[in-house]
file data38.cif (mmCIF, C-alpha atoms, pLDDT in the B column; chains and numbers go by the auth columns)
data_query
loop_
_atom_site.group_PDB
_atom_site.id
_atom_site.type_symbol
_atom_site.label_atom_id
_atom_site.label_comp_id
_atom_site.label_asym_id
_atom_site.label_seq_id
_atom_site.Cartn_x
_atom_site.Cartn_y
_atom_site.Cartn_z
_atom_site.B_iso_or_equiv
_atom_site.auth_seq_id
_atom_site.auth_asym_id
ATOM 1 C CA GLN A 1 0.000 0.000 0.000 85.00 13 H
ATOM 2 C CA VAL A 2 0.979 3.606 -0.574 91.00 14 H
ATOM 3 C CA GLN A 3 -0.128 6.519 1.594 94.00 15 H
ATOM 4 C CA LEU A 4 -0.245 10.058 0.264 96.00 16 H
ATOM 5 C CA VAL A 5 -0.619 13.236 2.314 97.00 17 H
ATOM 6 C CA GLU A 6 -0.956 16.617 0.636 98.00 18 H
ATOM 7 C CA SER A 7 -0.107 19.976 2.158 98.00 19 H
ATOM 8 C CA GLY A 8 0.593 23.540 1.105 98.00 20 H
ATOM 9 C CA GLY A 9 -2.831 24.681 -0.004 97.00 21 H
ATOM 10 C CA GLY A 10 -4.223 28.070 0.941 98.00 22 H
ATOM 11 C CA SER A 11 -5.686 31.314 -0.298 98.00 23 H
ATOM 12 C CA VAL A 12 -3.853 33.672 -2.642 98.00 24 H
ATOM 13 C CA GLN A 13 -4.693 36.513 -4.955 98.00 25 H
ATOM 14 C CA THR A 14 -4.582 36.349 -8.719 98.00 26 H
ATOM 15 C CA GLY A 15 -1.015 36.177 -9.928 98.00 27 H
ATOM 16 C CA GLY A 16 0.241 34.663 -6.709 98.00 28 H
ATOM 17 C CA SER A 17 2.101 31.407 -6.139 98.00 29 H
ATOM 18 C CA LEU A 18 1.752 28.307 -4.011 98.00 30 H
ATOM 19 C CA ARG A 19 3.750 25.111 -3.681 98.00 31 H
ATOM 20 C CA LEU A 20 1.892 21.940 -2.884 98.00 32 H
ATOM 21 C CA SER A 21 3.638 18.963 -1.343 98.00 33 H
ATOM 22 C CA CYS A 22 2.697 15.297 -1.383 97.00 34 H
ATOM 23 C CA ALA A 23 4.427 13.120 1.192 96.00 35 H
ATOM 24 C CA VAL A 24 4.602 9.477 0.145 94.00 36 H
ATOM 25 C CA SER A 25 4.916 6.582 2.567 91.00 37 H
ATOM 26 C CA GLY A 26 4.398 2.857 2.529 87.00 38 H
ATOM 27 C CA TYR A 27 5.507 0.720 -0.401 82.00 39 H
ATOM 28 C CA THR A 28 6.964 3.632 -2.301 73.00 40 H
ATOM 29 C CA TYR A 29 8.366 1.342 -5.001 76.00 41 H
ATOM 30 C CA LEU A 30 4.778 0.835 -6.135 77.00 42 H
ATOM 31 C CA ARG A 31 4.558 4.381 -7.393 81.00 43 H
ATOM 32 C CA ILE A 32 5.657 4.396 -11.023 88.00 44 H
ATOM 33 C CA CYS A 33 3.853 7.575 -11.971 94.00 45 H
ATOM 34 C CA MET A 34 2.718 10.409 -9.715 95.00 46 H
ATOM 35 C CA GLY A 35 0.061 12.923 -10.578 97.00 47 H
ATOM 36 C CA TRP A 36 -1.665 16.031 -9.340 98.00 48 H
ATOM 37 C CA PHE A 37 -5.376 16.351 -9.962 98.00 49 H
ATOM 38 C CA ARG A 38 -7.915 18.997 -9.044 98.00 50 H
ATOM 39 C CA GLN A 39 -11.650 19.213 -8.610 98.00 51 H
ATOM 40 C CA ALA A 40 -13.628 22.437 -8.516 96.00 52 H
ATOM 41 C CA PRO A 41 -17.161 22.548 -7.071 92.00 53 H
ATOM 42 C CA GLY A 42 -19.649 21.100 -9.517 94.00 54 H
ATOM 43 C CA LYS A 43 -16.948 19.887 -11.877 96.00 55 H
ATOM 44 C CA GLU A 44 -15.268 16.583 -12.569 96.00 56 H
ATOM 45 C CA ARG A 45 -11.795 15.884 -11.306 97.00 57 H
ATOM 46 C CA GLU A 46 -9.141 16.695 -13.890 97.00 58 H
ATOM 47 C CA GLY A 47 -5.503 15.830 -14.270 97.00 59 H
ATOM 48 C CA VAL A 48 -3.099 18.737 -13.939 98.00 60 H
ATOM 49 C CA ALA A 49 0.455 17.400 -14.010 98.00 61 H
ATOM 50 C CA THR A 50 2.243 14.070 -13.867 97.00 62 H
ATOM 51 C CA ILE A 51 5.778 12.798 -13.382 96.00 63 H
ATOM 52 C CA TYR A 52 7.358 9.416 -13.992 94.00 64 H
ATOM 53 C CA THR A 53 9.293 8.650 -10.831 91.00 65 H
ATOM 54 C CA GLY A 54 12.045 6.767 -12.656 90.00 66 H
ATOM 55 C CA THR A 55 12.825 9.134 -15.531 91.00 67 H
ATOM 56 C CA GLU A 56 11.329 12.325 -14.052 93.00 68 H
ATOM 57 C CA ARG A 57 9.619 12.913 -17.357 95.00 69 H
ATOM 58 C CA THR A 58 6.679 15.267 -16.886 96.00 70 H
ATOM 59 C CA TYR A 59 3.400 15.971 -18.608 97.00 71 H
ATOM 60 C CA TYR A 60 0.966 18.847 -18.142 97.00 72 H
ATOM 61 C CA ALA A 61 -2.572 19.768 -18.938 97.00 73 H
ATOM 62 C CA ASP A 62 -2.777 22.617 -21.436 97.00 74 H
ATOM 63 C CA SER A 63 -4.543 24.798 -18.873 97.00 75 H
ATOM 64 C CA VAL A 64 -1.486 24.890 -16.585 98.00 76 H
ATOM 65 C CA LYS A 65 1.401 24.476 -19.019 97.00 77 H
ATOM 66 C CA GLY A 66 4.009 27.155 -18.425 97.00 78 H
ATOM 67 C CA ARG A 67 2.582 28.071 -15.021 98.00 79 H
ATOM 68 C CA PHE A 68 2.782 24.851 -12.991 98.00 80 H
ATOM 69 C CA THR A 69 5.810 22.637 -12.409 98.00 81 H
ATOM 70 C CA ILE A 70 5.766 19.141 -10.975 98.00 82 H
ATOM 71 C CA SER A 71 8.913 17.772 -9.370 97.00 83 H
ATOM 72 C CA GLN A 72 10.052 15.198 -6.870 96.00 84 H
ATOM 73 C CA ASP A 73 12.612 14.779 -4.127 94.00 85 H
ATOM 74 C CA ASN A 74 13.273 11.078 -3.708 88.00 86 H
ATOM 75 C CA THR A 75 15.388 11.660 -0.608 91.00 87 H
ATOM 76 C CA LYS A 76 12.247 13.000 1.079 91.00 88 H
ATOM 77 C CA ASN A 77 9.722 10.792 -0.761 92.00 89 H
ATOM 78 C CA THR A 78 7.883 13.944 -1.701 96.00 90 H
ATOM 79 C CA VAL A 79 6.315 15.219 -4.890 97.00 91 H
ATOM 80 C CA TYR A 80 5.742 18.930 -5.394 98.00 92 H
ATOM 81 C CA LEU A 81 3.525 21.112 -7.515 98.00 93 H
ATOM 82 C CA GLN A 82 4.820 24.643 -7.896 98.00 94 H
ATOM 83 C CA MET A 83 1.972 26.859 -9.046 98.00 95 H
ATOM 84 C CA ASN A 84 2.727 30.322 -10.389 98.00 96 H
ATOM 85 C CA SER A 85 0.584 33.017 -12.011 98.00 97 H
ATOM 86 C CA LEU A 86 -2.470 31.596 -10.324 98.00 98 H
ATOM 87 C CA LYS A 87 -5.900 32.429 -11.683 97.00 99 H
ATOM 88 C CA PRO A 88 -9.352 32.265 -10.075 97.00 100 H
ATOM 89 C CA GLU A 89 -10.132 29.277 -12.316 96.00 101 H
ATOM 90 C CA ASP A 90 -7.334 27.369 -10.558 98.00 102 H
ATOM 91 C CA THR A 91 -9.485 27.330 -7.420 98.00 103 H
ATOM 92 C CA ALA A 92 -10.121 23.695 -6.508 98.00 104 H
ATOM 93 C CA MET A 93 -9.318 20.855 -4.181 98.00 105 H
ATOM 94 C CA TYR A 94 -5.972 19.460 -5.280 98.00 106 H
ATOM 95 C CA TYR A 95 -5.212 15.767 -4.959 98.00 107 H
ATOM 96 C CA CYS A 96 -2.023 13.787 -5.200 98.00 108 H
ATOM 97 C CA ALA A 97 -2.204 10.355 -6.801 97.00 109 H
ATOM 98 C CA ALA A 98 0.110 7.430 -7.452 95.00 110 H
ATOM 99 C CA SER A 99 -0.080 4.760 -10.096 94.00 111 H
ATOM 100 C CA SER A 100 1.674 1.405 -9.946 92.00 112 H
ATOM 101 C CA ARG A 101 1.006 0.802 -13.642 89.00 113 H
ATOM 102 C CA LEU A 102 3.376 1.271 -16.562 87.00 114 H
ATOM 103 C CA LEU A 103 1.635 4.082 -18.381 87.00 115 H
ATOM 104 C CA PRO A 104 2.314 5.327 -21.901 89.00 116 H
ATOM 105 C CA TYR A 105 3.619 8.854 -21.976 88.00 117 H
ATOM 106 C CA GLY A 106 1.013 11.487 -22.648 88.00 118 H
ATOM 107 C CA GLY A 107 -2.616 12.153 -21.927 89.00 119 H
ATOM 108 C CA THR A 108 -3.228 8.755 -20.366 91.00 120 H
ATOM 109 C CA THR A 109 -1.278 9.878 -17.327 92.00 121 H
ATOM 110 C CA LEU A 110 -3.864 12.614 -16.723 94.00 122 H
ATOM 111 C CA GLN A 111 -6.731 10.140 -16.455 94.00 123 H
ATOM 112 C CA GLU A 112 -7.763 9.433 -12.882 95.00 124 H
ATOM 113 C CA ARG A 113 -8.803 5.865 -13.721 94.00 125 H
ATOM 114 C CA VAL A 114 -5.167 4.778 -14.063 94.00 126 H
ATOM 115 C CA TYR A 115 -4.255 5.823 -10.526 95.00 127 H
ATOM 116 C CA ASN A 116 -4.791 3.462 -7.640 93.00 128 H
ATOM 117 C CA TYR A 117 -3.651 5.519 -4.658 95.00 129 H
ATOM 118 C CA TRP A 118 -5.035 8.914 -3.636 97.00 130 H
ATOM 119 C CA GLY A 119 -4.501 11.494 -0.956 97.00 131 H
ATOM 120 C CA GLN A 120 -7.205 13.405 0.895 97.00 132 H
ATOM 121 C CA GLY A 121 -6.637 16.678 -0.901 98.00 133 H
ATOM 122 C CA THR A 122 -5.630 20.238 -0.076 98.00 134 H
ATOM 123 C CA GLN A 123 -7.729 23.303 -0.908 98.00 135 H
ATOM 124 C CA VAL A 124 -6.431 26.070 -3.164 98.00 136 H
ATOM 125 C CA THR A 125 -8.433 29.291 -3.443 98.00 137 H
ATOM 126 C CA VAL A 126 -7.461 32.099 -5.798 98.00 138 H
ATOM 127 C CA SER A 127 -9.279 35.388 -5.420 97.00 139 H
ATOM 128 C CA SER A 128 -9.503 38.116 -8.025 92.00 140 H
#

call {"tool": "encode", "arguments": {"input": "data38.cif", "output": "structure tokens"}}
result
Amino acid sequence: QVQLVESGGGSVQTGGSLRLSCAVSGYTYLRICMGWFRQAPGKEREGVATIYTGTERTYYADSVKGRFTISQDNTKNTVYLQMNSLKPEDTAMYYCAASSRLLPYGGTTLQERVYNYWGQGTQVTVSS
């Protein structure tokens, strides 16, 4: 099993920055791909950014490309999501997820169905 705990959410104004953290524990070798997802009220959960833990190759949703950066620190078993130039439409609950599957690079990694471990989420609110 893999346990995921997110932190770093909060309230910022438009144009501000936040860094989310996802602490990973348990059978960490099971996490082949890590992802950040978000869900706004009344909307479906969507993939934001993903990283392959072995190669550190990353993939982003078009809506955050150039503004968000996913990274990892294997010495701390932590995955980060640096969010810059935040917009009100970025307001959502953000979730960290881990997949133990070998996923093809690309949009598949942004699909929540391929992830089998999830954190509880951290709230991000961006005000105009």

call {"tool": "residues_around", "arguments": {"input": "data38.cif", "residues": "range 29-31 of chain H", "least_positions_apart": "2", "cutoff": "6 Å", "atoms": "all atoms listed in the file", "output": "list in words"}}
result
Gly20, Leu93, Gln94, Met95 and Asn96 of chain H

call {"tool": "resolve_selection", "arguments": {"input": "data38.cif", "expression": "the PyMOL selection byres ((chain H and resi 21-25) around 8)", "output": "ChimeraX atom specification"}}
result
/H:19-20,26-32,98-99,134-140

call {"tool": "atom_distance", "arguments": {"input": "data38.cif", "atom1": "CA of Asp102 in chain H", "atom2": "CA of Gln51 in chain H"}}
result
9.4 Å

call {"tool": "closest_residue", "arguments": {"input": "data38.cif", "among": "H:Glu101, H:Glu58, H:Glu68, H:Glu18", "to": "Thr120 in chain H", "atoms": "all atoms listed in the file"}}
result
H:Glu58

call {"tool": "atom_distance", "arguments": {"input": "data38.cif", "atom1": "CA of Ala52 in chain H", "atom2": "CA of Gly133 in chain H"}}
result
11.8 Å

call {"tool": "resolve_selection", "arguments": {"input": "data38.cif", "expression": "the PyMOL selection byres ((chain H and resi 129) around 7)", "output": "list of chain:residue names"}}
result
H:Val14, H:Ala109, H:Ala110, H:Ser111, H:Tyr127, H:Asn128, H:Trp130

call {"tool": "closest_residue", "arguments": {"input": "data38.cif", "among": "H:Leu122, H:Val60, H:Ile44, H:Val17", "to": "Phe80 in chain H", "atoms": "all atoms listed in the file"}}
result
H:Val60

call {"tool": "resolve_selection", "arguments": {"input": "data38.cif", "expression": "the PyMOL selection byres ((chain H and resi 74) around 12)", "output": "PDB file with C-alpha atoms, in the coordinates of the input"}}
result
ATOM      1  CA  GLU H  58      -9.141  16.695 -13.890  1.00 97.00           C
ATOM      2  CA  GLY H  59      -5.503  15.830 -14.270  1.00 97.00           C
ATOM      3  CA  VAL H  60      -3.099  18.737 -13.939  1.00 98.00           C
ATOM      4  CA  ALA H  61       0.455  17.400 -14.010  1.00 98.00           C
ATOM      5  CA  TYR H  71       3.400  15.971 -18.608  1.00 97.00           C
ATOM      6  CA  TYR H  72       0.966  18.847 -18.142  1.00 97.00           C
ATOM      7  CA  ALA H  73      -2.572  19.768 -18.938  1.00 97.00           C
ATOM      8  CA  SER H  75      -4.543  24.798 -18.873  1.00 97.00           C
ATOM      9  CA  VAL H  76      -1.486  24.890 -16.585  1.00 98.00           C
ATOM     10  CA  LYS H  77       1.401  24.476 -19.019  1.00 97.00           C
ATOM     11  CA  GLY H  78       4.009  27.155 -18.425  1.00 97.00           C
ATOM     12  CA  ARG H  79       2.582  28.071 -15.021  1.00 98.00           C
ATOM     13  CA  PHE H  80       2.782  24.851 -12.991  1.00 98.00           C
ATOM     14  CA  GLY H 118       1.013  11.487 -22.648  1.00 88.00           C
ATOM     15  CA  GLY H 119      -2.616  12.153 -21.927  1.00 89.00           C
ATOM     16  CA  LEU H 122      -3.864  12.614 -16.723  1.00 94.00           C
TER      17      LEU H 122
END

call {"tool": "residues_around", "arguments": {"input": "data38.cif", "residues": "Thr62 in chain H", "least_positions_apart": "3", "cutoff": "6 Å", "atoms": "all atoms listed in the file", "output": "list of chain:residue names"}}
result
H:Met46, H:Gly47, H:Thr70, H:Tyr71
